[in-house]
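*Asks:* The structure is given below, and queries will be raised subsequently.
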There are 2 protein chains.
Amino acid sequence: MQNKPANTELERYALELGRCARLAGRELALASGSVKDRCIAQLSGLLRARTGDLVAANERDIAAAHQSGLTTAQIDRLRLTSGRIESMVRGLDDIIRLPDPVAEIIDRTVRPNGLMIEKVRVPLGVVFFIYEARPNVTTDAAALCLKSGNAVILRGGKEAMHSNRAIQALIRESLANCGLADHAVQMVDNPARELVDHLLHLSEYIDLVVPRGGEGLIRRVAAQAKMPVMKHYQGICHVYVHEAADSEMARRVILNAKCQRPAMCNAAESLLVDRAIARDFLPSALAALRDAGVELRGCPETQEIAPGVRAATEQDYATEYLDLKLSVRVVANLDEAVDHITRFGSAHTDAIITSDAAAASQFARRVDSAAVMINASTRFNDGGEFGLGAEIGISTDKYHARGPCGLRELTSYKYVVRGAGQVRNA
Amino acid sequence: MQNKPANTELERYALELGRCARLAGRELALASGSVKDRCIAQLSGLLRARTGDLVAANERDIAAAHQSGLTTAQIDRLRLTSGRIESMVRGLDDIIRLPDPVAEIIDRTVRPNGLMIEKVRVPLGVVFFIYEARPNVTTDAAALCLKSGNAVILRGGKEAMHSNRAIQALIRESLANCGLADHAVQMVDNPARELVDHLLHLSEYIDLVVPRGGEGLIRRVAAQAKMPVMKHYQGICHVYVHEAADSEMARRVILNAKCQRPAMCNAAESLLVDRAIARDFLPSALAALRDAGVELRGCPETQEIAPGVRAATEQDYATEYLDLKLSVRVVANLDEAVDHITRFGSAHTDAIITSDAAAASQFARRVDSAAVMINASTRFNDGGEFGLGAEIGISTDKYHARGPCGLRELTSYKYVVRGAGQVRNA
């Protein structure tokens, strides 16, 4: 970009955001852990103190959302209640308690020639975070980036504009009070998609883009971006009930994986059952799922065992319902289950239920997903549940970070080599 | 790609390479360390046993290279002597001695709910390696990918075609003898650049591309690739002589960093000297560099101190000479040195020479490069010198791997979670 004139307003705005973020990132990379924590604590305090203002700003978004016909679920995600603000506060307090990842010595070796080689954790630099119209995500993302020493450019769903502006005012106040760079956290204050496109080209100023939201948005971002993208497209998660499964455990896990929060990416979308136990397991398990309101789509064998189940198409196996719907398939054995998951899965989270340790190990080795669960619900693929703290997203890629991405996954490293004048001879 | 018909021969060939690599990679990911080591040992043995054949094949490349007017340096890199084949053998034997990275448990935690969470190292999948006409690189790259469990598609410089085909025959023989997948190591046997372009679009089959060679090639690959690229564009490496430097050490380090192998990416291209010591340090240091055949280009102060030095332009400071040339600049202090490196450097390797520990730490924190050297030559930024073993390249990116990239850097990880039927309640 540097050789082309910024020929539009939006391009100029994008360049300005990028340049300011790069400079702020350089400052922030050197900030001490205590200053960063103090800033997050300030923000936490301000959220509590200004809850009324935030709710009022949010009401403007909610009113506009009703006007523009958002769904009830969308409006629910958009809403800031005092309870939700309280959990934003708790989220920030949790991040404060996590160790500062920056400047951590990851590894240290002394070479035969006396050189001491340290691998030191450093921030990535500048993160561009694109996310849904969920204003409660704003503070979490800002705090994760701040604490990991990264400047961030926030681009929330436009329906949350008033709420996000109100939150951004508190973030700026906290940064200023702690002497941190103004532009450490910037917000894109223009809903134009072209602006996002311009930002996605600024690889010299932005080191990582993290898109969240619908698959279409994420694919568009990944196709445009000239910098790395931390993402998952889909969560087509499977629960495979192996012939050596404890049926009661299997029923409990699939119910939880499907029903506890069906709109989450780590909810199950497909149930695979070994033929050897299908007649024993499926009738009661499917009845329990139906009782929980789940609409079932099954293979011919499933339909034969449990009459009334609608036929599953190939498309069903490839669909992330994000809803109380489940595809069900009887498989010959572990091989066929692994093949099905390899073909239809999205490398997010897949579970096996079995009391056979060898089968569990086989499954864990051969299923190429970010997380493989053995006798546990797919819903556990989550930064908090894994003990990593808050997460900015879950990655299904293999490059850099895989699975839940928290503070550490927002960092890189550098080598620092200390010598006494050593030179190289060969 | 999957929805578009393969409408050209080359596109079909690319798809075939990609599909075969993906299937071979799945098999290879599950291969035991001992089988992989046995295969590399076979190859090592075959290189020795067939040295005569390899040299003969190489002679055809050398003859063609003379015809097509390659430079002496290019022809030297292309040549396979029995001595060079012997060092290929030693390179393979070194890789055999490295631990198998695959299936290593990187981290293990037990959560309060009893879930045991393991972070397990896994291969990336399929690597596409594009490299210079240096046939000795072929075996190293094949062995690194094989040992890290990755299928690889090799695309060497076309001038090395006969040599590479002869090496590939030995690789296939080794794979077959050990029962490993035929397509674990494939070679692109068509020099068309369009074929490379097609391969760079196959993100569903290729997980990483590693380009080596000139900056132009690497930029073209990075612009085209739909998958991650492990790379550095340039190595504009600095040696900064701080006012508290030991002059004798500084002279030794800059001579080594510039002259020992000037065509390497970790050779120094710029010397920065604090004003306070410039009059003492520069005359003898520059005389020693000139005696070693180095052509100097200096700032006005350098020119005043050392008459006869040609003027350095801004372009000089931004140039990777890869030759016996050096730009020299007098700076006010550490701040100015860091600013210069931030502006003109390439985030590869930068050194400070100082006996002041605080200055060294400042420099190490503020210089945002893959490796920062304190009182040591820039030439040490190398997998072997860092104790990582052989490397497939050096990365200046921050995402995934930075610095020398060996076996570990060619891997990802997965989470394997073992439970006893746990479900999630919140």
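Labels used: A, B, ... for chains in the order of the structure tokens, numbers from 1 for residues in each chain, and numbers from 1 for ligands as shown.
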Show me which bits of chain A are within 7 Å of chain B, counting only C-alpha atoms, as a PyMOL selection string.
*Replies:* chain A and resi 124+249+253+256+364+369-377+379-380+398-400+402+412-424
*Asks:* Take the residues from that selection and put them in a file with N, CA and C atoms, as a compact mmCIF listing (two decimals), in the first residue's frame.
*Replies:*
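Below is the file result.txt, written as the result:
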```
# COMPACT_ATOMS: atom_id res chain seq x y z
N LEU A 124 2.10 -10.03 19.21
CA LEU A 124 2.07 -10.10 17.74
C LEU A 124 2.23 -8.71 17.13
N MET A 249 -23.79 -43.09 30.01
CA MET A 249 -22.85 -41.98 29.79
C MET A 249 -23.04 -41.39 28.39
N VAL A 253 -23.98 -37.53 27.53
CA VAL A 253 -23.06 -36.67 26.77
C VAL A 253 -23.74 -36.12 25.52
N ASN A 256 -26.16 -33.39 26.43
CA ASN A 256 -25.47 -32.15 26.81
C ASN A 256 -24.85 -31.49 25.58
N ALA A 364 -8.44 -40.78 19.03
CA ALA A 364 -7.73 -39.53 19.33
C ALA A 364 -6.59 -39.29 18.34
N SER A 369 -8.82 -33.18 14.53
CA SER A 369 -9.60 -32.02 14.94
C SER A 369 -8.87 -31.24 16.02
N ALA A 370 -9.24 -29.98 16.17
CA ALA A 370 -8.59 -29.14 17.18
C ALA A 370 -8.70 -29.78 18.57
N ALA A 371 -9.88 -30.35 18.87
CA ALA A 371 -10.03 -31.04 20.16
C ALA A 371 -10.75 -32.36 19.95
N VAL A 372 -10.20 -33.40 20.57
CA VAL A 372 -10.83 -34.72 20.56
C VAL A 372 -11.20 -35.03 22.00
N MET A 373 -12.47 -35.34 22.21
CA MET A 373 -12.97 -35.61 23.55
C MET A 373 -13.17 -37.11 23.72
N ILE A 374 -12.67 -37.64 24.82
CA ILE A 374 -12.89 -39.04 25.14
C ILE A 374 -13.79 -39.08 26.36
N ASN A 375 -14.99 -39.58 26.19
CA ASN A 375 -15.95 -39.67 27.30
C ASN A 375 -16.22 -38.32 27.95
N ALA A 376 -16.38 -37.31 27.12
CA ALA A 376 -16.73 -35.98 27.64
C ALA A 376 -17.47 -35.22 26.54
N SER A 377 -18.23 -34.24 26.94
CA SER A 377 -19.05 -33.47 26.02
C SER A 377 -18.19 -32.58 25.12
N ARG A 379 -18.90 -29.76 24.33
CA ARG A 379 -19.05 -28.39 24.84
C ARG A 379 -17.85 -27.92 25.65
N PHE A 380 -16.95 -28.85 26.03
CA PHE A 380 -15.79 -28.44 26.83
C PHE A 380 -14.68 -27.77 26.02
N LYS A 398 -4.22 -25.13 11.64
CA LYS A 398 -3.09 -25.76 12.32
C LYS A 398 -1.91 -24.81 12.44
N TYR A 399 -1.93 -23.75 11.70
CA TYR A 399 -0.79 -22.85 11.72
C TYR A 399 -0.97 -21.89 12.90
N HIS A 400 0.05 -21.75 13.72
CA HIS A 400 0.05 -20.90 14.91
C HIS A 400 -0.80 -21.54 16.01
N ARG A 402 -4.31 -23.48 17.61
CA ARG A 402 -5.40 -24.40 17.32
C ARG A 402 -6.22 -24.54 18.58
N SER A 412 3.76 -13.95 19.94
CA SER A 412 4.80 -14.61 19.17
C SER A 412 6.00 -14.74 20.11
N TYR A 413 7.18 -14.91 19.56
CA TYR A 413 8.38 -14.94 20.38
C TYR A 413 9.54 -14.35 19.59
N LYS A 414 10.58 -13.98 20.30
CA LYS A 414 11.83 -13.62 19.62
C LYS A 414 12.96 -14.36 20.32
N TYR A 415 14.07 -14.54 19.61
CA TYR A 415 15.25 -15.12 20.22
C TYR A 415 16.16 -13.99 20.68
N VAL A 416 16.61 -14.06 21.93
CA VAL A 416 17.61 -13.12 22.44
C VAL A 416 18.85 -13.95 22.78
N VAL A 417 19.96 -13.60 22.15
CA VAL A 417 21.18 -14.39 22.26
C VAL A 417 22.25 -13.55 22.94
N ARG A 418 22.76 -14.03 24.08
CA ARG A 418 23.78 -13.29 24.82
C ARG A 418 25.14 -13.98 24.70
N GLY A 419 26.13 -13.22 24.25
CA GLY A 419 27.45 -13.80 24.07
C GLY A 419 28.53 -12.96 24.72
N ALA A 420 29.76 -13.31 24.42
CA ALA A 420 30.92 -12.57 24.91
C ALA A 420 31.85 -12.33 23.72
N GLY A 421 31.25 -11.97 22.60
CA GLY A 421 32.04 -11.68 21.42
C GLY A 421 32.22 -12.86 20.48
N GLN A 422 31.40 -13.92 20.65
CA GLN A 422 31.54 -15.10 19.78
C GLN A 422 31.33 -14.73 18.30
N VAL A 423 32.13 -15.35 17.46
CA VAL A 423 31.93 -15.25 16.01
C VAL A 423 31.82 -16.67 15.46
N ARG A 424 31.34 -16.76 14.23
CA ARG A 424 31.06 -18.08 13.66
C ARG A 424 32.18 -18.50 12.73
```
*Asks:* Could you give me, as a ChimeraX atom specification, the residues within 12 Å of Met264 in chain A, counting only C-alpha atoms and dropping anything in the same chain fewer than 4 positions from it?
*Replies:* /A:213-214,234-237,257-260,268-269,320-324,348-349,378-382,393-394
*Asks:* Name the residues of range 20-241 of chain A that fall into strand (DSSP E or B) according to DSSP on the backbone, using the chain letters and numbers of this document, as a ChimeraX atom specification.
*Replies:* /A:105-110,116-123,126-130,151-155,185-187,208-211,229,237-241
*Asks:* For range 179-194 of chain A, work out the shell of residues within 8 Å, counting only C-alpha atoms and skipping chain neighbours fewer than 6 positions away, then give it as a list in words.
*Replies:*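 The neighbour list is Leu10, Leu17, Cys20, Ala21, Ala24, Gly25, Glu27, Leu28, Ala31, Ala142, Leu146, Asn150, Ala151, Val152, Ile153, Leu154, Arg155, Gly156, Lys158, Met161, Gln168, Ile171 and Arg172 of chain A.
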*Asks:* Give me, please, the distance in Å between CA of Met88 in chain B and CA of Asp100 in chain B, quoted to one decimal.
*Replies:* 19.9 Å
